[in-house]
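Participant: What follows is a single structure, and I will ask about it in a moment.
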Amino acid sequence: MQKRLIAIFLLLLCATLNSVAQQKNLSEQIRHYQSFSQQFAQEKVYLYFDNDNYLIGENIWFKAYVLMADNHHYSQMSKTLYVELLAADGNLVDQLKLRIEDGQCHGAFYLKPNLSAGFYEVRAYTRCMLNFDQAIIFSRVFPVMDAPQYHRRSGERLTPSMNIKKPVLPNKRPKQEGSDNKTSGLWQVDFYPEGGQLVAGRPNQLAFKATHKNDPSQAFSAKIVDSKQEIVGIMQSEHQGMGSVSFQPEKGERYRCIVEGEHGKTSIELPKIAEDAYNLIVNNMHHDILDIKLFCDQASRGDTMAMLITCRGKIYQLQAFINQAEALQFQLPKRVLPTGVNEILILNNQGQVQCSRLFFVRNEADKPDLIRIAQEQDKEIYNAFEAAHVTLALQQYRDSSWIALPHQSFAVSIRDDAEYMANHAHNDIFSQLLLASDLKGYIHQPSWYFEKDDRRHRRALDLLMMVQGWRRYDWQAMSHPEDFKLKHPIEKGILLDGQVLSVFRRIPLEDMKVSMWMTSDSSAQHGYCMSDENGAFNFLFDFEGKQNLNLQVSDGKRRRNAFITINRQFQPEARVLADEELQAPILRKKEVEKKRLSKNEDDAYRELIIMPGDVLLDEVEVKGKKSGDYNEYGKVSVSYETQEEMDVLEDNAMYTFEDIGIFLTQINEHFHFRAKDSGDVLYYKHAPVQFLVRPPTSLYPDDGSEGWPDCSEIERIEIMEPNSLGHIVDKNYIATIDDVGKLGKDIAYVILYLYPHHQRKDDEMGIRRTTLQGYNTVKEFYHPRYDRVLDTDASDHRRTLYWNPNLRSDELGQAKIRFYHSASSKSFEVHAVVLSEQGKMGWK
């Protein structure tokens with residue numbers, strides 16, 4: 001259908017364009033746009049979770065859907081999904097590498113006891129997705145509270161706390177971008193002229209978003225005045241600080257926004273006024289019709305132009321027209337447009353975009369949410385450890401009626417209903433795939449926009465389209481596909497790719513034989529390939545776990561000394577977290593004698609206050625992993641796995657030094673050498689470094705008289721901050737330290753943990769030894785069986801009672817579930833999500 005539309009459109013161009021040159025420019029740009037989506041198809045990831053908040057010691061269970069971004073069908077492109085857990089400071093806590101089968105996979109993160117309470121981000125992406133803006137990767141932030149505590153007599157779980165500790169590692173998240181933001185007192189205001197610019201002498205709509213620094217929920221009100229201080233418009237926020245104002249600016253005039261507040265009157269300058277340019281006025285308030293009014297410039301009068309309407313990278317409407325009037329009116333039935341974020345593009349005769357506008361369509365004839373999930377259960381209230389029986393029925397809407405949906409896989413989470421988080425982020429599959437994933441930045445409560453289809457919700461959604469300021473599909477890039485270069489491949493398995501570079505000049509070495517052999521406890525693989533003109537090589541595997549990898553470079557006759565890099569340091573930068581994502585959780589606990597039957601029966605709950613602590617973060621980036629563990633000497637601030645850090649250096653074609661002092665300066669900028677009379681002394685921040693070797697060995701005494709071990713002998717490195725409490729207090733040991741210090745408090749201790757049965761390894765020319773991580777083994781949810789009273793476990797306080805990422809309906813569209821309650825649960829809530837192969841969605 002789209003190809004037919006393009007063909008008709010191009011015929012119209014041939015009949016209406018003034019010159020062959022104009023025809024070529026405009027038609028070529030449209031062809032480029034259409035071919036870009038086919039050449040560089042994008043993927044989209046959605047993760048469904050078993051809960052909306054977690055406790056230390058629990059698992060974060062998730063189901064992942066990997067889809068084609070244009071139609072939400074299951075992707076057959078990538079076979080490897082990366083899912084990462086990040087702390088609030090942006091440091092990586094854990095990473096999973098999962099095998100994608102038929103566009104789906106699942107996994108879990110264990111929240112280890114040594115983690116601190118706070119906010120944690122889960123993000124997911126395929127490597128292919130990194131070719132585009134990093135804003136397209138999936139991301140969600142969860143509050144993680146302290147490990148549960150129990151009443152020592154009753155055994156009841158006490159209210160969880162969230163005592164956030166200041167992180168040891170500096171913040172790796174960038175600061176909030178704000179170069180275009182305008183600030184007035186306590187208000188920060190961003191302006192978004194409809195279509196892209198304010199134009200003199202014509203009606204304009206100026207959208208805005210205003211945020212109060214201390215109270216994001218506070219309503220915003222201001223006046224727009226000209227240079228004579230005459231009021232030309234009133235600004236009033238309508239939803240979450242967003243709003244718009246209509247006015248007609250005059251040529252050569254300057255306008256300001258006047259804000260009156262507690263600290264007096266302040267003003268903010270509005271964007272500059274263009275004198276002769278294009279602008280749009282769009283009315284998207286009607287159910288069935290989209291009204292578009294286009295104002296053109298004088299310079300293009302008589303030219304043939306084009307209006308495109310696109311959605312998820314595809315052209316759905318093309319209309320050629322001649323610019324023969326100052327204002328042109330278009331009306332478009334919404335039934336011809338797909339549900340989702342659409343975009344209007346106005347192109348001149350050179351194929352250049354003159355103005356654009358996002359708008360959302362919810363087309364009743366193209367409803368993606370055509371699956372519903374019905375629930376039946378045997379009882380409402382249960383005893384501890386009692387079995388519960390639930391039947392879920394899938395139904396799809398077809399031919400004006402609901403019919404059973406058989407043999408459909410879906411994910412189900414059943415949670416203890418005794419407690420829930422009142423302010424959790426509402427983000428269902430519909431709002432995520434069709435709204436949030438196609439706009440940049442955090443959207444607060446995206447599912448709210450679809451709770452009702454009334455004027456209030458449609459208006460708020462339209463404001464969101466105008467102020468969000470970014471879209472997944474960039475016309476400028478798509479109109480020049482020849483300039484777009486893929487930096488990351490489509491992974492069809494465990495991909496090992498890299499480069500062979502010369503040691504001194506770092507230039508690619510062509511036609512080198514790269515031999516590989518990889519071993520584990522139960523298997524071995526070997527092979528070779530030749531490097532291309534860029535020095536590139538690659539191997540493809542399919543295995544689970546971590547294996548020892550050896551790579552060797554030769555010219556066919558003998559080994560060559562070369563750098564062997566591996567492309568695996570491609571993790572995206574940590575994004576800025578929105579203030580709304582960092583709200584302390586508000587838990588509501590259900591009274592035992594009541595059951596929550598609807599969202600409005602909040603009187604059946606009492607609030608539990610969760611008080612977060614200090615979350616201020618430093619801004620200096622330091623590699624490594626936050627530890628928080630305690631060794632025999634005190635608290636560890638940062639720990640490093642030596643081999644992992646050496647791999648990072650070698651993957652980036654950097655020299656790795658066996659000398660431990662030089663190595664530390666490479667991986668942590670706070671280490672440096674200072675010249676002393678006795679020679680160079682290693683310092684960490686302001687304090688001299690004292691090495692400790694563990695386990696103790698006569699080969700390397702702690703006084704350093706025999707030197708220090710080489711990096712190849714060291715398995716792990718731990719750093720203890722100077723002046724920190726809990727440092728070494730053994731006076732006999734302190735006597736061996738040959739530098740300043742009061743009980744060691746002015747000394748930075750670096751603990752070197754040797755490999756078991758360690759031995760010094762010499763470098764071998766042309767050989768690189770490392771490890772390669774395969775797919776992570778997927779853990780299964782433990783469903784206990786309490787068939788008898790003797791089998792019950794008083795310590796069983798699960799909040800997720802049942803989790804199945806791959807439940808399947810039978811021939812009648814039903815799935816029967818049987819599970820057992822925990823020691824404290826009495827009732828439960830069922831949550832589920834389903835996505836068909838045709839991109840139809842359902843959730844409850």
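Ordering of the structure tokens sets the chain letters (A, B, ...); residue numbers start at 1 within each chain; ligands are numbered from 1 in the order shown.
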For region 489-504 of chain A, please output as a count of residues only all residues within 7 Å (counting only C-alpha atoms; exclusion window: fewer than 6 positions along the same chain).

Facilitator: 22

Participant: For Asn427 (chain A), work out the shell of residues within 9 Å, counting only C-alpha atoms and skipping chain neighbours fewer than 4 positions away, then give it as a compact mmCIF listing (two decimals) with all heavy atoms, in the first residue's frame.

Facilitator:
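Result written to part37.txt:
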# COMPACT_ATOMS: atom_id res chain seq x y z
N SER A 431 1.15 2.04 26.66
CA SER A 431 1.73 3.38 26.77
C SER A 431 3.23 3.36 26.54
O SER A 431 3.80 4.34 26.06
CB SER A 431 1.41 3.99 28.14
OG SER A 431 1.93 3.18 29.18
N GLN A 432 3.90 2.25 26.85
CA GLN A 432 5.33 2.17 26.64
C GLN A 432 5.67 2.04 25.16
O GLN A 432 6.49 2.78 24.62
CB GLN A 432 5.92 0.99 27.41
CG GLN A 432 7.40 0.73 27.13
CD GLN A 432 8.30 1.87 27.55
OE1 GLN A 432 8.02 2.55 28.53
NE2 GLN A 432 9.38 2.09 26.83
N ALA A 436 5.81 6.19 25.08
CA ALA A 436 7.08 6.51 25.74
C ALA A 436 8.29 6.13 24.91
O ALA A 436 9.30 6.84 24.92
CB ALA A 436 7.13 5.83 27.11
N HIS A 444 6.09 11.11 32.87
CA HIS A 444 5.52 10.73 34.16
C HIS A 444 4.13 10.14 33.96
O HIS A 444 3.27 10.74 33.34
CB HIS A 444 5.47 11.94 35.09
CG HIS A 444 5.06 11.61 36.49
ND1 HIS A 444 5.72 10.67 37.25
CD2 HIS A 444 4.06 12.08 37.27
CE1 HIS A 444 5.16 10.58 38.43
NE2 HIS A 444 4.14 11.41 38.47
N GLN A 445 3.92 8.93 34.48
CA GLN A 445 2.65 8.23 34.41
C GLN A 445 2.08 8.22 32.98
O GLN A 445 1.00 8.77 32.71
CB GLN A 445 1.62 8.87 35.36
CG GLN A 445 2.10 9.04 36.79
CD GLN A 445 2.29 7.73 37.54
OE1 GLN A 445 2.43 6.68 36.94
NE2 GLN A 445 2.28 7.78 38.86
N PRO A 446 2.78 7.60 32.03
CA PRO A 446 2.30 7.64 30.63
C PRO A 446 0.95 6.99 30.43
O PRO A 446 0.20 7.38 29.54
CB PRO A 446 3.42 6.90 29.87
CG PRO A 446 4.10 6.06 30.90
CD PRO A 446 4.02 6.83 32.18
N SER A 447 0.61 5.99 31.24
CA SER A 447 -0.68 5.32 31.05
C SER A 447 -1.85 6.23 31.41
O SER A 447 -2.99 5.96 31.01
CB SER A 447 -0.74 4.04 31.88
OG SER A 447 -0.65 4.32 33.26
N TRP A 448 -1.59 7.32 32.17
CA TRP A 448 -2.67 8.23 32.53
C TRP A 448 -3.33 8.82 31.28
O TRP A 448 -4.55 9.05 31.26
CB TRP A 448 -2.14 9.37 33.41
CG TRP A 448 -3.18 10.39 33.74
CD1 TRP A 448 -4.04 10.38 34.81
CD2 TRP A 448 -3.50 11.58 33.00
NE1 TRP A 448 -4.86 11.48 34.77
CE2 TRP A 448 -4.56 12.24 33.67
CE3 TRP A 448 -2.99 12.14 31.83
CZ2 TRP A 448 -5.10 13.43 33.20
CZ3 TRP A 448 -3.54 13.33 31.36
CH2 TRP A 448 -4.58 13.95 32.04

Participant: List every residue of region 340-455 of chain A that DSSP, applied to the backbone, labels as alpha helix (DSSP H), and write the result as a PyMOL selection string.

Facilitator: chain A and resi 429-434+455

Participant: Measure the distance from CA of Ala748 (chain A) to CA of Ile719 (chain A) in Å and round it to one decimal.

Facilitator: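 Straight-line distance from CA of Ala748 (chain A) to CA of Ile719 (chain A) works out to 7.3 Å.
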
Participant: Residues at most 7 Å from Phe691 (chain A), counting only C-alpha atoms, excluding those fewer than 3 positions away in the same chain, as a list in words?

Facilitator: Asp702, Tyr749, Val750 and Ile751 of chain A

Participant: Got a sec to tell me which of region 641-811 of chain A DSSP assigns to strand (DSSP E), as number ranges by chain?

Facilitator: A: 641, 671-676, 679-684, 687-694, 714-720, 748-754, 767-773, 800-808

Participant: Which residues, written as a PyMOL selection string, have at least one atom at most 8 Å from region 387-389 of chain A, with only C-alpha atoms counted and residues fewer than 2 positions away on the same chain left out?

Facilitator: chain A and resi 377-379+382+385+391+786+816-821

Participant: Next, dump the selected residues to file, keeping only N, CA and C atoms, as a short mmCIF file (atom, residue, chain, number, x, y, z; two decimals), in the first residue's frame.

Facilitator:
data_model
loop_
_atom_site.label_atom_id
_atom_site.label_comp_id
_atom_site.auth_asym_id
_atom_site.auth_seq_id
_atom_site.Cartn_x
_atom_site.Cartn_y
_atom_site.Cartn_z
N GLN A 377 -11.19 -16.85 40.38
CA GLN A 377 -10.44 -17.50 41.45
C GLN A 377 -11.41 -18.19 42.40
N ASP A 378 -10.90 -19.19 43.12
CA ASP A 378 -11.80 -20.02 43.92
C ASP A 378 -12.25 -19.35 45.22
N LYS A 379 -11.44 -18.42 45.77
CA LYS A 379 -11.78 -17.75 47.02
C LYS A 379 -11.27 -16.32 46.95
N TYR A 382 -7.59 -16.12 51.89
CA TYR A 382 -6.96 -17.42 52.11
C TYR A 382 -6.21 -17.43 53.43
N PHE A 385 -0.17 -20.28 53.65
CA PHE A 385 0.28 -21.52 53.02
C PHE A 385 -0.84 -22.26 52.27
N THR A 391 -8.00 -19.06 37.26
CA THR A 391 -8.16 -19.32 35.82
C THR A 391 -8.13 -17.99 35.09
N TYR A 786 3.09 -26.59 49.51
CA TYR A 786 2.74 -26.82 50.91
C TYR A 786 1.54 -27.77 50.96
N LYS A 816 -4.90 -22.40 33.62
CA LYS A 816 -5.24 -22.64 35.03
C LYS A 816 -3.95 -22.62 35.84
N ILE A 817 -3.99 -21.86 36.95
CA ILE A 817 -2.82 -21.66 37.79
C ILE A 817 -3.13 -22.16 39.20
N ARG A 818 -2.18 -22.87 39.78
CA ARG A 818 -2.28 -23.30 41.18
C ARG A 818 -0.98 -22.91 41.87
N PHE A 819 -1.10 -22.20 42.98
CA PHE A 819 0.08 -21.77 43.72
C PHE A 819 -0.28 -21.72 45.20
N TYR A 820 0.75 -21.60 46.04
CA TYR A 820 0.57 -21.58 47.49
C TYR A 820 0.92 -20.21 48.05
N HIS A 821 0.16 -19.80 49.04
CA HIS A 821 0.43 -18.53 49.71
C HIS A 821 1.65 -18.65 50.61
#

Participant: Which is closest to Thr800 (chain A) among A:Ser161, A:Ser227, A:Ser413, A:Gln525, if we use only C-alpha atoms?

Facilitator: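 Nearest to Thr800 (chain A): A:Ser413.
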
Participant: Which residues are close to Pro695 (chain A), i.e. within 12 Å by only C-alpha atoms, leaving aside same-chain residues fewer than 3 positions away? Reply as a list of chain:residue names.

Facilitator: A:Glu632, A:Leu692, A:Ser698, A:Leu699, A:Tyr700, A:Pro701, A:Asp702, A:Ile714, A:Glu715, A:Arg716, A:Ile751, A:Leu752, A:Tyr753, A:Leu754, A:Tyr755, A:Pro756, A:His757, A:His758

Participant: Considering only C-alpha atoms, can you say which of A:Gly57, A:Pro688, A:Pro148, A:Pro696 comes closest to Tyr110 (chain A)?

Facilitator: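 Residue with the minimum atom-to-atom distance to Tyr110 (chain A): A:Gly57.
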
Participant: Env of Ser244 (chain A): 6 Å cut, atoms = only C-alpha atoms, seq-sep filter 6 positions within chain, self excluded. Answer as a list in words.

Facilitator: Leu206, Ala207 and Phe208 of chain A

Participant: Report as a list in words all protein, DNA and RNA residues lying within 6 Å of region 339-349 of chain A, evaluated on only C-alpha atoms, omitting residues in the same chain fewer than 4 positions from it.

Facilitator: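 After dropping sequence-adjacent residues, the list is Gln22, Leu26, Thr304, Met305, Ala306, Met307, Leu308, Ile309, Thr310, Cys311, Val353, Gln354, Cys355, Ser356, Arg357, Leu358, Phe359, Phe360, Val361, Arg362, Asn363 and Leu434 of chain A.
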